[in-house]
>>> print(open('protein.cif').read())   # mmCIF, C-alpha atoms
data_query
#
loop_
_atom_site.label_atom_id
_atom_site.label_comp_id
_atom_site.auth_asym_id
_atom_site.auth_seq_id
_atom_site.Cartn_x
_atom_site.Cartn_y
_atom_site.Cartn_z
CA MET A 156 112.60 109.73 69.62
CA GLU A 157 113.44 106.74 71.77
CA GLU A 158 114.27 107.42 75.41
CA LEU A 159 117.56 106.05 76.70
CA ILE A 160 117.25 104.14 79.96
CA THR A 161 120.32 104.34 82.17
CA PHE A 162 121.05 102.31 85.25
CA THR A 163 121.49 104.18 88.54
CA TRP A 164 121.97 102.76 92.01
CA GLY A 165 119.43 105.26 93.32
CA ASN A 166 116.80 103.98 90.92
CA LEU A 167 117.56 100.39 91.95
CA GLY A 168 117.25 101.40 95.60
CA LEU A 169 113.88 103.05 95.00
CA ASN A 170 112.67 100.01 93.08
CA LEU A 171 113.77 97.66 95.89
CA ILE A 172 111.72 99.52 98.54
CA PRO A 173 108.35 97.76 97.99
CA GLY A 174 109.71 94.22 98.33
CA ALA A 175 112.13 95.16 101.08
CA LEU A 176 109.38 96.87 103.06
CA LEU A 177 107.19 93.76 102.93
CA TRP A 178 110.15 91.62 103.96
CA VAL A 179 111.00 93.88 106.92
CA ILE A 180 107.37 93.87 108.09
CA GLN A 181 107.13 90.09 108.02
CA ALA A 182 110.54 89.70 109.69
CA ALA A 183 109.57 92.09 112.49
CA VAL A 184 106.24 90.36 113.10
CA ARG A 185 107.99 86.97 113.05
CA ARG A 186 110.57 88.24 115.56
CA TRP A 187 107.99 89.91 117.82
CA PRO A 188 104.73 87.97 117.28
CA PRO A 189 101.47 89.54 118.44
CA GLY A 190 100.81 86.86 121.07
CA ASP A 191 98.47 83.94 121.56
CA LYS A 192 95.31 85.96 122.16
CA PRO A 193 93.82 88.83 120.13
CA ASN A 194 95.12 92.18 121.27
CA ALA A 195 94.39 95.81 120.56
CA LEU A 196 97.98 96.75 119.72
CA TYR A 197 99.00 94.91 116.57
CA GLY A 198 98.63 91.78 114.49
CA TYR A 199 96.20 90.67 111.81
CA ARG A 200 93.14 92.40 113.22
CA THR A 201 89.77 91.75 111.63
CA LYS A 202 86.47 90.68 113.16
CA ARG A 203 86.96 87.07 112.02
CA SER A 204 90.58 86.82 113.11
CA MET A 205 89.81 88.19 116.57
CA ALA A 206 86.85 85.81 117.10
CA SER A 207 88.98 83.12 118.73
CA PRO A 208 92.60 82.42 119.72
CA GLU A 209 92.78 79.74 117.00
CA ALA A 210 91.62 82.16 114.29
CA TRP A 211 94.03 84.80 115.63
CA ALA A 212 97.00 82.43 115.52
CA TYR A 213 96.09 81.15 112.04
CA ALA A 214 95.54 84.62 110.56
CA ASN A 215 98.80 86.03 111.94
CA ARG A 216 100.85 83.03 110.87
CA ARG A 217 99.31 82.99 107.40
CA SER A 218 99.71 86.75 106.85
CA ILE A 219 103.39 86.59 107.78
CA ASP A 220 103.91 83.70 105.37
CA LEU A 221 102.11 85.51 102.53
CA TYR A 222 104.10 88.72 103.07
CA ALA A 223 107.33 86.71 102.98
CA MET A 224 106.21 84.92 99.83
CA TYR A 225 105.26 88.17 98.07
CA SER A 226 108.37 90.14 99.09
CA TRP A 227 110.94 88.10 97.14
CA PRO A 228 109.33 88.41 93.68
CA LEU A 229 108.91 92.15 94.24
CA MET A 230 112.58 92.52 95.08
CA ALA A 231 113.59 90.35 92.13
CA ALA A 232 111.41 92.43 89.78
CA ALA A 233 113.28 95.57 90.84
CA VAL A 234 116.32 94.63 88.76
CA PRO A 235 114.63 94.25 85.35
CA PHE A 236 112.47 97.31 86.01
CA THR A 237 115.63 99.29 86.80
CA LEU A 238 117.40 98.05 83.67
CA TYR A 239 114.59 98.07 81.10
CA ALA A 240 111.86 100.51 82.21
CA ASP A 241 111.94 104.22 82.77
CA ILE A 242 111.87 105.27 86.41
CA ASP A 243 108.25 106.45 86.43
CA MET A 244 106.81 103.30 84.88
CA GLY A 245 108.98 100.97 86.96
CA GLN A 246 108.01 102.57 90.23
CA LEU A 247 104.36 102.80 89.25
CA VAL A 248 104.24 99.07 88.54
CA LEU A 249 106.28 98.02 91.59
CA TYR A 250 104.37 100.20 94.07
CA THR A 251 101.05 99.06 92.58
CA LEU A 252 102.18 95.45 93.03
CA MET A 253 103.16 96.24 96.63
CA THR A 254 99.68 97.61 97.29
CA VAL A 255 98.13 94.46 95.83
CA ALA A 256 100.53 92.33 97.89
CA CYS A 257 99.39 94.14 101.04
CA VAL A 258 95.67 93.83 100.29
CA TRP A 259 95.51 90.33 98.74
CA PRO A 260 96.35 88.51 102.02
CA LEU A 261 93.17 90.01 103.48
CA VAL A 262 91.14 88.28 100.78
CA VAL A 263 92.99 84.96 101.12
CA ILE A 264 92.90 84.85 104.92
CA GLU A 265 89.33 86.04 105.31
CA ARG A 266 88.13 83.38 102.87
CA ALA A 267 90.08 80.73 104.79
CA LEU A 268 88.67 81.89 108.12
CA LYS A 269 85.16 81.87 106.68
CA ARG A 270 85.69 78.27 105.47
CA GLY A 271 87.00 77.31 108.91
CA ASP A 272 90.54 76.39 107.82
CA HIS A 273 91.84 77.53 111.22
CA VAL A 274 89.90 74.86 113.10
CA SER A 275 91.94 71.74 113.79
#
>>> encode(input="protein.cif", output="structure tokens")
Amino acid sequence: MEELITFTWGNLGLNLIPGALLWVIQAAVRRWPPGDKPNALYGYRTKRSMASPEAWAYANRRSIDLYAMYSWPLMAAAVPFTLYADIDMGQLVLYTLMTVACVWPLVVIERALKRGDHVS
């Protein structure tokens, strides 16, 4: 028997959370940047990014840009997943994509720092 998928505003809200959360994080870090020098409180904090002020600035700027870039497709995907997928599958896919969107910038930025892209 085929399952009927019905639209609910609650389901749309739950499906919008991953993209909205990434967008809020990047907006907050853009509004209150971590500073010019590596700090112990917050920012993109890895061994490579904290090695120099240039690496710190590059890593923080790039991570904010990547989070902003990944947040919009996640929010846009919420609508079709709400309309055409059951709630469990839609949320599984969207929250998995959010996890990938949170981890992938580490790979991108660490590779760039290793190559020396932050050096002018």
>>> closest_residue(input="protein.cif", among="A:Asn166, A:Leu229, A:Ser204, A:Gly198", to="Thr251 in chain A", atoms="all atoms listed in the file")
A:Leu229
>>> residues_around(input="protein.cif", residues="Tyr250 in chain A", least_positions_apart="5", cutoff="9 Å", atoms="all atoms listed in the file", output="ChimeraX atom specification")
/A:170,172-173,245,255
>>> residues_around(input="protein.cif", residues="Ile242 in chain A", least_positions_apart="4", cutoff="12 Å", atoms="all atoms listed in the file", output="number ranges by chain")
A: 158-170, 233-238, 246-250
>>> closest_residue(input="protein.cif", among="A:Gly271, A:Pro260, A:Gly174, A:Gly190", to="Arg217 in chain A", atoms="all atoms listed in the file")
A:Pro260
>>> residues_around(input="protein.cif", residues="Glu209 in chain A", least_positions_apart="3", cutoff="12 Å", atoms="only C-alpha atoms", output="PyMOL selection string")
chain A and resi 190-193+203-206+212-216+268+271-275
>>> atom_distance(input="protein.cif", atom1="CA of Arg266 in chain A", atom2="CA of Pro189 in chain A")
21.4 Å
>>> atom_distance(input="protein.cif", atom1="CA of Ala223 in chain A", atom2="CA of Ile180 in chain A")
8.8 Å
>>> residues_near_point(input="protein.cif", point="(95.5, 88.6, 102.9)", cutoff="9 Å", atoms="all atoms listed in the file", output="PyMOL selection string")
chain A and resi 214+217-218+221-222+256-265
>>> write_last_selection(input="protein.cif", atoms="C-alpha atoms", output="PDB file, in the frame of the given file")
ATOM      1  CA  ALA A 214      95.540  84.620 110.560  1.00  0.00           C
ATOM      2  CA  ARG A 217      99.310  82.990 107.400  1.00  0.00           C
ATOM      3  CA  SER A 218      99.710  86.750 106.850  1.00  0.00           C
ATOM      4  CA  LEU A 221     102.110  85.510 102.530  1.00  0.00           C
ATOM      5  CA  TYR A 222     104.100  88.720 103.070  1.00  0.00           C
ATOM      6  CA  ALA A 256     100.530  92.330  97.890  1.00  0.00           C
ATOM      7  CA  CYS A 257      99.390  94.140 101.040  1.00  0.00           C
ATOM      8  CA  VAL A 258      95.670  93.830 100.290  1.00  0.00           C
ATOM      9  CA  TRP A 259      95.510  90.330  98.740  1.00  0.00           C
ATOM     10  CA  PRO A 260      96.350  88.510 102.020  1.00  0.00           C
ATOM     11  CA  LEU A 261      93.170  90.010 103.480  1.00  0.00           C
ATOM     12  CA  VAL A 262      91.140  88.280 100.780  1.00  0.00           C
ATOM     13  CA  VAL A 263      92.990  84.960 101.120  1.00  0.00           C
ATOM     14  CA  ILE A 264      92.900  84.850 104.920  1.00  0.00           C
ATOM     15  CA  GLU A 265      89.330  86.040 105.310  1.00  0.00           C
TER      16      GLU A 265
END
>>> closest_residue(input="protein.cif", among="A:Tyr239, A:Pro208, A:Arg200, A:Ser226", to="Trp178 in chain A", atoms="only C-alpha atoms")
A:Ser226
>>> closest_residue(input="protein.cif", among="A:Trp211, A:Gln181, A:Leu252, A:Ala195", to="Met230 in chain A", atoms="all atoms listed in the file")
A:Leu252
>>> atom_distance(input="protein.cif", atom1="CA of Ala231 in chain A", atom2="CA of Leu171 in chain A")
8.2 Å
>>> closest_residue(input="protein.cif", among="A:Met244, A:Trp227, A:Tyr197, A:Ala210", to="Lys269 in chain A", atoms="all atoms listed in the file")
A:Ala210
>>> axis_aligned_box(input="protein.cif", around="range 229-236 of chain A", padding_each_side="4 Å", output="JSON")
{"center_x": 112.6, "center_y": 93.8, "center_z": 90.2, "size_x": 15.4, "size_y": 15.0, "size_z": 17.7}
>>> closest_residue(input="protein.cif", among="A:Ala182, A:Ala232, A:Leu196, A:Ile219", to="Met253 in chain A", atoms="all atoms listed in the file")
A:Ala232
>>> build_atoms(input="protein.cif", residues="range 170-187 of chain A", atoms="N, CA and C atoms", output="PDB file, in the coordinates of the input")
ATOM      1  N   ASN A 170     113.460 101.144  93.568  1.00  0.00           N
ATOM      2  CA  ASN A 170     112.670 100.010  93.080  1.00  0.00           C
ATOM      3  C   ASN A 170     112.695  98.827  94.044  1.00  0.00           C
ATOM      4  N   LEU A 171     113.701  98.746  94.906  1.00  0.00           N
ATOM      5  CA  LEU A 171     113.770  97.660  95.890  1.00  0.00           C
ATOM      6  C   LEU A 171     112.882  97.924  97.114  1.00  0.00           C
ATOM      7  N   ILE A 172     112.480  99.165  97.327  1.00  0.00           N
ATOM      8  CA  ILE A 172     111.720  99.520  98.540  1.00  0.00           C
ATOM      9  C   ILE A 172     110.450  98.703  98.735  1.00  0.00           C
ATOM     10  N   PRO A 173     109.589  98.505  97.718  1.00  0.00           N
ATOM     11  CA  PRO A 173     108.350  97.760  97.990  1.00  0.00           C
ATOM     12  C   PRO A 173     108.583  96.343  98.524  1.00  0.00           C
ATOM     13  N   GLY A 174     109.446  95.583  97.870  1.00  0.00           N
ATOM     14  CA  GLY A 174     109.710  94.220  98.330  1.00  0.00           C
ATOM     15  C   GLY A 174     110.435  94.202  99.663  1.00  0.00           C
ATOM     16  N   ALA A 175     111.381  95.105  99.829  1.00  0.00           N
ATOM     17  CA  ALA A 175     112.130  95.160 101.080  1.00  0.00           C
ATOM     18  C   ALA A 175     111.234  95.548 102.246  1.00  0.00           C
ATOM     19  N   LEU A 176     110.311  96.453 102.010  1.00  0.00           N
ATOM     20  CA  LEU A 176     109.380  96.870 103.060  1.00  0.00           C
ATOM     21  C   LEU A 176     108.501  95.701 103.511  1.00  0.00           C
ATOM     22  N   LEU A 177     107.980  94.943 102.566  1.00  0.00           N
ATOM     23  CA  LEU A 177     107.190  93.760 102.930  1.00  0.00           C
ATOM     24  C   LEU A 177     108.028  92.755 103.707  1.00  0.00           C
ATOM     25  N   TRP A 178     109.283  92.575 103.279  1.00  0.00           N
ATOM     26  CA  TRP A 178     110.150  91.620 103.960  1.00  0.00           C
ATOM     27  C   TRP A 178     110.446  92.073 105.378  1.00  0.00           C
ATOM     28  N   VAL A 179     110.717  93.356 105.580  1.00  0.00           N
ATOM     29  CA  VAL A 179     111.000  93.880 106.920  1.00  0.00           C
ATOM     30  C   VAL A 179     109.780  93.734 107.821  1.00  0.00           C
ATOM     31  N   ILE A 180     108.596  94.010 107.291  1.00  0.00           N
ATOM     32  CA  ILE A 180     107.370  93.870 108.090  1.00  0.00           C
ATOM     33  C   ILE A 180     107.192  92.434 108.548  1.00  0.00           C
ATOM     34  N   GLN A 181     107.331  91.482 107.616  1.00  0.00           N
ATOM     35  CA  GLN A 181     107.130  90.090 108.020  1.00  0.00           C
ATOM     36  C   GLN A 181     108.219  89.627 108.977  1.00  0.00           C
ATOM     37  N   ALA A 182     109.454  90.095 108.789  1.00  0.00           N
ATOM     38  CA  ALA A 182     110.540  89.700 109.690  1.00  0.00           C
ATOM     39  C   ALA A 182     110.312  90.255 111.095  1.00  0.00           C
ATOM     40  N   ALA A 183     109.838  91.497 111.178  1.00  0.00           N
ATOM     41  CA  ALA A 183     109.570  92.090 112.490  1.00  0.00           C
ATOM     42  C   ALA A 183     108.427  91.368 113.201  1.00  0.00           C
ATOM     43  N   VAL A 184     107.373  91.049 112.471  1.00  0.00           N
ATOM     44  CA  VAL A 184     106.240  90.360 113.100  1.00  0.00           C
ATOM     45  C   VAL A 184     106.623  88.925 113.467  1.00  0.00           C
ATOM     46  N   ARG A 185     107.486  88.305 112.685  1.00  0.00           N
ATOM     47  CA  ARG A 185     107.990  86.970 113.050  1.00  0.00           C
ATOM     48  C   ARG A 185     108.841  87.039 114.312  1.00  0.00           C
ATOM     49  N   ARG A 186     109.667  88.082 114.409  1.00  0.00           N
ATOM     50  CA  ARG A 186     110.570  88.240 115.560  1.00  0.00           C
ATOM     51  C   ARG A 186     109.794  88.601 116.821  1.00  0.00           C
ATOM     52  N   TRP A 187     108.809  89.478 116.694  1.00  0.00           N
ATOM     53  CA  TRP A 187     107.990  89.910 117.820  1.00  0.00           C
ATOM     54  C   TRP A 187     106.532  89.612 117.505  1.00  0.00           C
TER      55      TRP A 187
END
